[in-house]
Amino acid sequence: MPQPLVIVLIVLASLLALWVLLLIVNLIFVSSFNAIFKKHRKALTVILYTKYENMNRLFSVINQNGIKYDNRLNALLSDIDVNTFNEPENPEFEKSKNSLAYLKDEIMFVCNQNKELQEDLEFVQVKKNIEESDLMYRNNVTMYNADVLGYNYWINFLPCRFVFKMFKVKRKEIIS
């Protein structure tokens, strides 16, 4: 076999081996991000469900203390579908999450206007729980979104992009 042909074959084999190595590394990163997504998804579900339960408890405390508020807030709370908390990619997730945030802001405004309620120990505890769940939610969303950016980077990594396009792997969307 002529010498130049051997060199070309060695170079091509080396390039192929490098590409296979990059693909393996890429697949490892993508699968690790998928595993992390599952953990973050479960945490988001638990946090939002806890916040929902605390909102129910807050409404109960407000009703026990005879505080007047807009009845449409009760309707909005009952319209929240907790099953949507399981899928951050679902548009209904965003709607439920936003409804929960809106409810919290509106009802806390009403509560902060009442001095007697501010001294109620059960109200103080529920308010603290809601604030802690908000903080945990923001922290978890930050980690989830960082993982989304990493996942999207690796499925769009130029040398291996066509493999993911061939298998129709979809980009993940960040959540707010």
# chains A, B, ... in the order shown; residues from 1 in each chain; ligands from 1
>>> residues_around(residues="A:Asn74", least_positions_apart="6", cutoff="10 Å", atoms="only C-alpha atoms", output="PyMOL selection string")
chain A and resi 56+59+103
>>> write_last_selection(atoms="N, CA and C atoms", output="compact mmCIF listing (two decimals), in the first residue's frame")
# COMPACT_ATOMS: atom_id res chain seq x y z
N ASN A 56 -53.86 27.12 51.41
CA ASN A 56 -55.14 26.65 51.94
C ASN A 56 -55.22 26.89 53.44
N PHE A 59 -55.77 30.60 54.11
CA PHE A 59 -57.17 30.98 53.91
C PHE A 59 -58.02 30.53 55.09
N LEU A 103 -52.02 34.79 44.15
CA LEU A 103 -52.79 34.60 45.39
C LEU A 103 -51.99 35.00 46.62
>>> residues_around(residues="A:Val25", least_positions_apart="3", cutoff="12 Å", atoms="only C-alpha atoms", output="VMD selection string")
chain A and resid 18 to 22 28 to 32 154 to 155 157 159 to 160
>>> residues_around(residues="A:Leu100", least_positions_apart="4", cutoff="9 Å", atoms="only C-alpha atoms", output="JSON, numbers by chain")
{"A": [48, 51, 52, 55, 76, 77, 80, 95, 96, 104, 105]}
>>> write_last_selection(atoms="N, CA and C atoms", output="PDB file, in the first residue's frame")
ATOM      1  N   LEU A  48     -44.049  23.299  45.342  1.00  0.00           N
ATOM      2  CA  LEU A  48     -45.289  23.954  44.924  1.00  0.00           C
ATOM      3  C   LEU A  48     -46.503  23.357  45.629  1.00  0.00           C
ATOM      4  N   LYS A  51     -46.511  24.778  49.066  1.00  0.00           N
ATOM      5  CA  LYS A  51     -46.970  26.164  49.032  1.00  0.00           C
ATOM      6  C   LYS A  51     -48.483  26.222  48.856  1.00  0.00           C
ATOM      7  N   TYR A  52     -49.015  25.355  48.029  1.00  0.00           N
ATOM      8  CA  TYR A  52     -50.463  25.288  47.820  1.00  0.00           C
ATOM      9  C   TYR A  52     -51.173  24.921  49.128  1.00  0.00           C
ATOM     10  N   MET A  55     -51.144  27.791  51.422  1.00  0.00           N
ATOM     11  CA  MET A  55     -52.132  28.806  51.031  1.00  0.00           C
ATOM     12  C   MET A  55     -53.520  28.397  51.513  1.00  0.00           C
ATOM     13  N   LEU A  76     -60.040  31.319  42.690  1.00  0.00           N
ATOM     14  CA  LEU A  76     -58.740  31.153  42.038  1.00  0.00           C
ATOM     15  C   LEU A  76     -57.945  30.021  42.697  1.00  0.00           C
ATOM     16  N   LEU A  77     -58.009  29.933  44.016  1.00  0.00           N
ATOM     17  CA  LEU A  77     -57.304  28.862  44.729  1.00  0.00           C
ATOM     18  C   LEU A  77     -57.880  27.496  44.361  1.00  0.00           C
ATOM     19  N   ILE A  80     -56.767  26.024  40.888  1.00  0.00           N
ATOM     20  CA  ILE A  80     -55.393  25.559  40.686  1.00  0.00           C
ATOM     21  C   ILE A  80     -55.391  24.039  40.659  1.00  0.00           C
ATOM     22  N   LYS A  95     -49.333  28.469  34.398  1.00  0.00           N
ATOM     23  CA  LYS A  95     -50.584  29.093  34.821  1.00  0.00           C
ATOM     24  C   LYS A  95     -50.840  28.844  36.305  1.00  0.00           C
ATOM     25  N   SER A  96     -50.678  27.607  36.742  1.00  0.00           N
ATOM     26  CA  SER A  96     -50.902  27.268  38.156  1.00  0.00           C
ATOM     27  C   SER A  96     -49.893  27.962  39.058  1.00  0.00           C
ATOM     28  N   LYS A 104     -50.749  34.575  46.634  1.00  0.00           N
ATOM     29  CA  LYS A 104     -49.893  34.896  47.783  1.00  0.00           C
ATOM     30  C   LYS A 104     -49.764  36.403  47.945  1.00  0.00           C
ATOM     31  N   ASP A 105     -49.500  37.104  46.841  1.00  0.00           N
ATOM     32  CA  ASP A 105     -49.335  38.554  46.916  1.00  0.00           C
ATOM     33  C   ASP A 105     -50.617  39.245  47.368  1.00  0.00           C
TER      34      ASP A 105
END
>>> residues_around(residues="stretch 81-89 of chain A", least_positions_apart="3", cutoff="8 Å", atoms="only C-alpha atoms", output="PyMOL selection string")
chain A and resi 41-42+44-45+48-49+52+78+92-94+96-97+172-173+175
>>> write_last_selection(atoms="C-alpha atoms", output="PDB file, in the first residue's frame")
ATOM      1  CA  ARG A  41     -38.726  18.211  38.895  1.00  0.00           C
ATOM      2  CA  LYS A  42     -39.627  16.219  42.002  1.00  0.00           C
ATOM      3  CA  LEU A  44     -40.375  21.620  42.333  1.00  0.00           C
ATOM      4  CA  THR A  45     -43.488  19.474  42.660  1.00  0.00           C
ATOM      5  CA  LEU A  48     -45.289  23.954  44.924  1.00  0.00           C
ATOM      6  CA  TYR A  49     -47.617  21.426  46.533  1.00  0.00           C
ATOM      7  CA  TYR A  52     -50.463  25.288  47.820  1.00  0.00           C
ATOM      8  CA  SER A  78     -59.795  26.122  43.947  1.00  0.00           C
ATOM      9  CA  GLU A  92     -50.624  24.658  32.630  1.00  0.00           C
ATOM     10  CA  PHE A  93     -47.706  24.478  35.076  1.00  0.00           C
ATOM     11  CA  GLU A  94     -46.928  28.129  34.388  1.00  0.00           C
ATOM     12  CA  SER A  96     -50.902  27.268  38.156  1.00  0.00           C
ATOM     13  CA  LYS A  97     -47.597  28.626  39.429  1.00  0.00           C
ATOM     14  CA  LYS A 172     -35.687  22.106  27.395  1.00  0.00           C
ATOM     15  CA  GLU A 173     -37.195  25.462  28.303  1.00  0.00           C
ATOM     16  CA  ILE A 175     -38.872  28.316  33.869  1.00  0.00           C
TER      17      ILE A 175
END
>>> select_by_dssp(residues="stretch 33-158 of chain A", states="alpha helix (DSSP H)", output="number ranges by chain")
A: 33-64, 72-79, 91-112, 115-119, 121-155
>>> residues_around(residues="stretch 118-133 of chain A", least_positions_apart="3", cutoff="12 Å", atoms="only C-alpha atoms", output="PyMOL selection string")
chain A and resi 43-65+67+100-101+103-105+107-115+136-141
>>> atom_distance(atom1="atom CA of A:Leu158", atom2="atom CA of A:Ser176")
27.8 Å
>>> closest_residue(among="A:Ile24, A:Leu117, A:Ile7, A:Met166", to="A:Lys68", atoms="only C-alpha atoms")
A:Leu117
>>> atom_distance(atom1="atom CA of A:Leu27", atom2="atom CA of A:Leu149")
15.6 Å
>>> atom_distance(atom1="atom CA of A:Tyr153", atom2="atom CA of A:Asn90")
21.6 Å
>>> closest_atom_pairs(of="stretch 23-57 of chain A", to="stretch 142-146 of chain A", cutoff="9 Å", atoms="only C-alpha atoms", output="CSV")
residue,atom,partner,partner_atom,distance
A:Ile36,CA,A:Tyr144,CA,8.3
A:Phe37,CA,A:Tyr144,CA,6.8
A:His40,CA,A:Tyr144,CA,6.0
A:Arg41,CA,A:Tyr144,CA,8.1
>>> decode(residues="stretch 132-146 of chain A", atoms="all heavy atoms", output="PDB file, in the first residue's frame")
ATOM      1  N   GLU A 132     -40.621  30.615  53.306  1.00  0.00           N
ATOM      2  CA  GLU A 132     -39.561  29.611  53.143  1.00  0.00           C
ATOM      3  C   GLU A 132     -39.757  28.807  51.865  1.00  0.00           C
ATOM      4  O   GLU A 132     -38.789  28.504  51.166  1.00  0.00           O
ATOM      5  CB  GLU A 132     -39.510  28.683  54.358  1.00  0.00           C
ATOM      6  CG  GLU A 132     -38.934  29.325  55.592  1.00  0.00           C
ATOM      7  CD  GLU A 132     -38.989  28.426  56.818  1.00  0.00           C
ATOM      8  OE1 GLU A 132     -39.514  27.296  56.727  1.00  0.00           O
ATOM      9  OE2 GLU A 132     -38.509  28.879  57.877  1.00  0.00           O
ATOM     10  N   SER A 133     -40.993  28.465  51.555  1.00  0.00           N
ATOM     11  CA  SER A 133     -41.234  27.707  50.321  1.00  0.00           C
ATOM     12  C   SER A 133     -40.944  28.568  49.094  1.00  0.00           C
ATOM     13  O   SER A 133     -40.470  28.054  48.077  1.00  0.00           O
ATOM     14  CB  SER A 133     -42.649  27.129  50.283  1.00  0.00           C
ATOM     15  OG  SER A 133     -43.622  28.134  50.262  1.00  0.00           O
ATOM     16  N   ASP A 134     -41.192  29.877  49.189  1.00  0.00           N
ATOM     17  CA  ASP A 134     -40.826  30.775  48.087  1.00  0.00           C
ATOM     18  C   ASP A 134     -39.317  30.792  47.868  1.00  0.00           C
ATOM     19  O   ASP A 134     -38.842  30.738  46.735  1.00  0.00           O
ATOM     20  CB  ASP A 134     -41.297  32.205  48.359  1.00  0.00           C
ATOM     21  CG  ASP A 134     -42.738  32.445  48.001  1.00  0.00           C
ATOM     22  OD1 ASP A 134     -43.320  31.615  47.277  1.00  0.00           O
ATOM     23  OD2 ASP A 134     -43.286  33.467  48.440  1.00  0.00           O
ATOM     24  N   LEU A 135     -38.581  30.853  48.959  1.00  0.00           N
ATOM     25  CA  LEU A 135     -37.119  30.856  48.869  1.00  0.00           C
ATOM     26  C   LEU A 135     -36.605  29.536  48.290  1.00  0.00           C
ATOM     27  O   LEU A 135     -35.753  29.529  47.396  1.00  0.00           O
ATOM     28  CB  LEU A 135     -36.499  31.115  50.240  1.00  0.00           C
ATOM     29  CG  LEU A 135     -34.980  31.138  50.307  1.00  0.00           C
ATOM     30  CD1 LEU A 135     -34.424  32.274  49.453  1.00  0.00           C
ATOM     31  CD2 LEU A 135     -34.517  31.267  51.744  1.00  0.00           C
ATOM     32  N   MET A 136     -37.146  28.427  48.772  1.00  0.00           N
ATOM     33  CA  MET A 136     -36.737  27.117  48.243  1.00  0.00           C
ATOM     34  C   MET A 136     -37.092  27.005  46.764  1.00  0.00           C
ATOM     35  O   MET A 136     -36.323  26.459  45.979  1.00  0.00           O
ATOM     36  CB  MET A 136     -37.394  25.986  49.035  1.00  0.00           C
ATOM     37  CG  MET A 136     -36.810  25.784  50.411  1.00  0.00           C
ATOM     38  SD  MET A 136     -37.422  24.309  51.263  1.00  0.00           S
ATOM     39  CE  MET A 136     -39.174  24.562  51.274  1.00  0.00           C
ATOM     40  N   TYR A 137     -38.256  27.523  46.381  1.00  0.00           N
ATOM     41  CA  TYR A 137     -38.670  27.473  44.979  1.00  0.00           C
ATOM     42  C   TYR A 137     -37.692  28.257  44.110  1.00  0.00           C
ATOM     43  O   TYR A 137     -37.245  27.767  43.073  1.00  0.00           O
ATOM     44  CB  TYR A 137     -40.092  28.031  44.817  1.00  0.00           C
ATOM     45  CG  TYR A 137     -40.521  28.090  43.378  1.00  0.00           C
ATOM     46  CD1 TYR A 137     -40.942  26.945  42.719  1.00  0.00           C
ATOM     47  CD2 TYR A 137     -40.467  29.275  42.661  1.00  0.00           C
ATOM     48  CE1 TYR A 137     -41.311  26.982  41.381  1.00  0.00           C
ATOM     49  CE2 TYR A 137     -40.834  29.321  41.332  1.00  0.00           C
ATOM     50  CZ  TYR A 137     -41.263  28.170  40.699  1.00  0.00           C
ATOM     51  OH  TYR A 137     -41.599  28.215  39.375  1.00  0.00           O
ATOM     52  N   ARG A 138     -37.352  29.469  44.529  1.00  0.00           N
ATOM     53  CA  ARG A 138     -36.415  30.284  43.734  1.00  0.00           C
ATOM     54  C   ARG A 138     -35.059  29.598  43.606  1.00  0.00           C
ATOM     55  O   ARG A 138     -34.455  29.603  42.528  1.00  0.00           O
ATOM     56  CB  ARG A 138     -36.274  31.673  44.352  1.00  0.00           C
ATOM     57  CG  ARG A 138     -37.458  32.581  44.094  1.00  0.00           C
ATOM     58  CD  ARG A 138     -37.164  34.015  44.478  1.00  0.00           C
ATOM     59  NE  ARG A 138     -36.832  34.175  45.879  1.00  0.00           N
ATOM     60  CZ  ARG A 138     -37.705  34.388  46.851  1.00  0.00           C
ATOM     61  NH1 ARG A 138     -38.988  34.453  46.594  1.00  0.00           N
ATOM     62  NH2 ARG A 138     -37.307  34.525  48.097  1.00  0.00           N
ATOM     63  N   ASN A 139     -34.572  29.012  44.689  1.00  0.00           N
ATOM     64  CA  ASN A 139     -33.286  28.306  44.643  1.00  0.00           C
ATOM     65  C   ASN A 139     -33.357  27.103  43.700  1.00  0.00           C
ATOM     66  O   ASN A 139     -32.440  26.872  42.900  1.00  0.00           O
ATOM     67  CB  ASN A 139     -32.865  27.840  46.030  1.00  0.00           C
ATOM     68  CG  ASN A 139     -32.430  28.981  46.919  1.00  0.00           C
ATOM     69  OD1 ASN A 139     -32.074  30.062  46.446  1.00  0.00           O
ATOM     70  ND2 ASN A 139     -32.495  28.772  48.213  1.00  0.00           N
ATOM     71  N   ASN A 140     -34.432  26.351  43.775  1.00  0.00           N
ATOM     72  CA  ASN A 140     -34.570  25.173  42.933  1.00  0.00           C
ATOM     73  C   ASN A 140     -34.726  25.559  41.468  1.00  0.00           C
ATOM     74  O   ASN A 140     -34.168  24.889  40.598  1.00  0.00           O
ATOM     75  CB  ASN A 140     -35.759  24.332  43.400  1.00  0.00           C
ATOM     76  CG  ASN A 140     -35.677  22.926  42.911  1.00  0.00           C
ATOM     77  OD1 ASN A 140     -35.862  22.663  41.739  1.00  0.00           O
ATOM     78  ND2 ASN A 140     -35.382  22.007  43.821  1.00  0.00           N
ATOM     79  N   VAL A 141     -35.469  26.617  41.195  1.00  0.00           N
ATOM     80  CA  VAL A 141     -35.632  27.077  39.813  1.00  0.00           C
ATOM     81  C   VAL A 141     -34.290  27.536  39.248  1.00  0.00           C
ATOM     82  O   VAL A 141     -33.978  27.266  38.083  1.00  0.00           O
ATOM     83  CB  VAL A 141     -36.688  28.200  39.719  1.00  0.00           C
ATOM     84  CG1 VAL A 141     -36.612  28.941  38.399  1.00  0.00           C
ATOM     85  CG2 VAL A 141     -38.078  27.626  39.904  1.00  0.00           C
ATOM     86  N   THR A 142     -33.488  28.189  40.062  1.00  0.00           N
ATOM     87  CA  THR A 142     -32.163  28.627  39.616  1.00  0.00           C
ATOM     88  C   THR A 142     -31.305  27.425  39.226  1.00  0.00           C
ATOM     89  O   THR A 142     -30.668  27.421  38.163  1.00  0.00           O
ATOM     90  CB  THR A 142     -31.465  29.442  40.726  1.00  0.00           C
ATOM     91  OG1 THR A 142     -32.278  30.577  41.043  1.00  0.00           O
ATOM     92  CG2 THR A 142     -30.096  29.901  40.284  1.00  0.00           C
ATOM     93  N   MET A 143     -31.313  26.389  40.057  1.00  0.00           N
ATOM     94  CA  MET A 143     -30.538  25.184  39.736  1.00  0.00           C
ATOM     95  C   MET A 143     -31.106  24.480  38.510  1.00  0.00           C
ATOM     96  O   MET A 143     -30.363  24.018  37.652  1.00  0.00           O
ATOM     97  CB  MET A 143     -30.507  24.240  40.942  1.00  0.00           C
ATOM     98  CG  MET A 143     -29.696  24.780  42.101  1.00  0.00           C
ATOM     99  SD  MET A 143     -29.532  23.619  43.468  1.00  0.00           S
ATOM    100  CE  MET A 143     -31.214  23.501  44.049  1.00  0.00           C
ATOM    101  N   TYR A 144     -32.427  24.398  38.420  1.00  0.00           N
ATOM    102  CA  TYR A 144     -33.081  23.758  37.264  1.00  0.00           C
ATOM    103  C   TYR A 144     -32.705  24.484  35.978  1.00  0.00           C
ATOM    104  O   TYR A 144     -32.327  23.856  34.989  1.00  0.00           O
ATOM    105  CB  TYR A 144     -34.596  23.768  37.474  1.00  0.00           C
ATOM    106  CG  TYR A 144     -35.384  23.153  36.348  1.00  0.00           C
ATOM    107  CD1 TYR A 144     -35.667  21.793  36.340  1.00  0.00           C
ATOM    108  CD2 TYR A 144     -35.859  23.921  35.283  1.00  0.00           C
ATOM    109  CE1 TYR A 144     -36.396  21.218  35.312  1.00  0.00           C
ATOM    110  CE2 TYR A 144     -36.578  23.352  34.250  1.00  0.00           C
ATOM    111  CZ  TYR A 144     -36.853  22.008  34.269  1.00  0.00           C
ATOM    112  OH  TYR A 144     -37.562  21.440  33.247  1.00  0.00           O
ATOM    113  N   ASN A 145     -32.782  25.814  35.993  1.00  0.00           N
ATOM    114  CA  ASN A 145     -32.478  26.588  34.799  1.00  0.00           C
ATOM    115  C   ASN A 145     -31.000  26.479  34.406  1.00  0.00           C
ATOM    116  O   ASN A 145     -30.678  26.452  33.218  1.00  0.00           O
ATOM    117  CB  ASN A 145     -32.880  28.047  34.979  1.00  0.00           C
ATOM    118  CG  ASN A 145     -34.374  28.239  34.944  1.00  0.00           C
ATOM    119  OD1 ASN A 145     -35.117  27.397  34.443  1.00  0.00           O
ATOM    120  ND2 ASN A 145     -34.842  29.344  35.481  1.00  0.00           N
ATOM    121  N   ALA A 146     -30.127  26.401  35.387  1.00  0.00           N
ATOM    122  CA  ALA A 146     -28.706  26.207  35.073  1.00  0.00           C
ATOM    123  C   ALA A 146     -28.508  24.850  34.389  1.00  0.00           C
ATOM    124  O   ALA A 146     -27.740  24.744  33.419  1.00  0.00           O
ATOM    125  CB  ALA A 146     -27.865  26.288  36.343  1.00  0.00           C
TER     126      ALA A 146
END
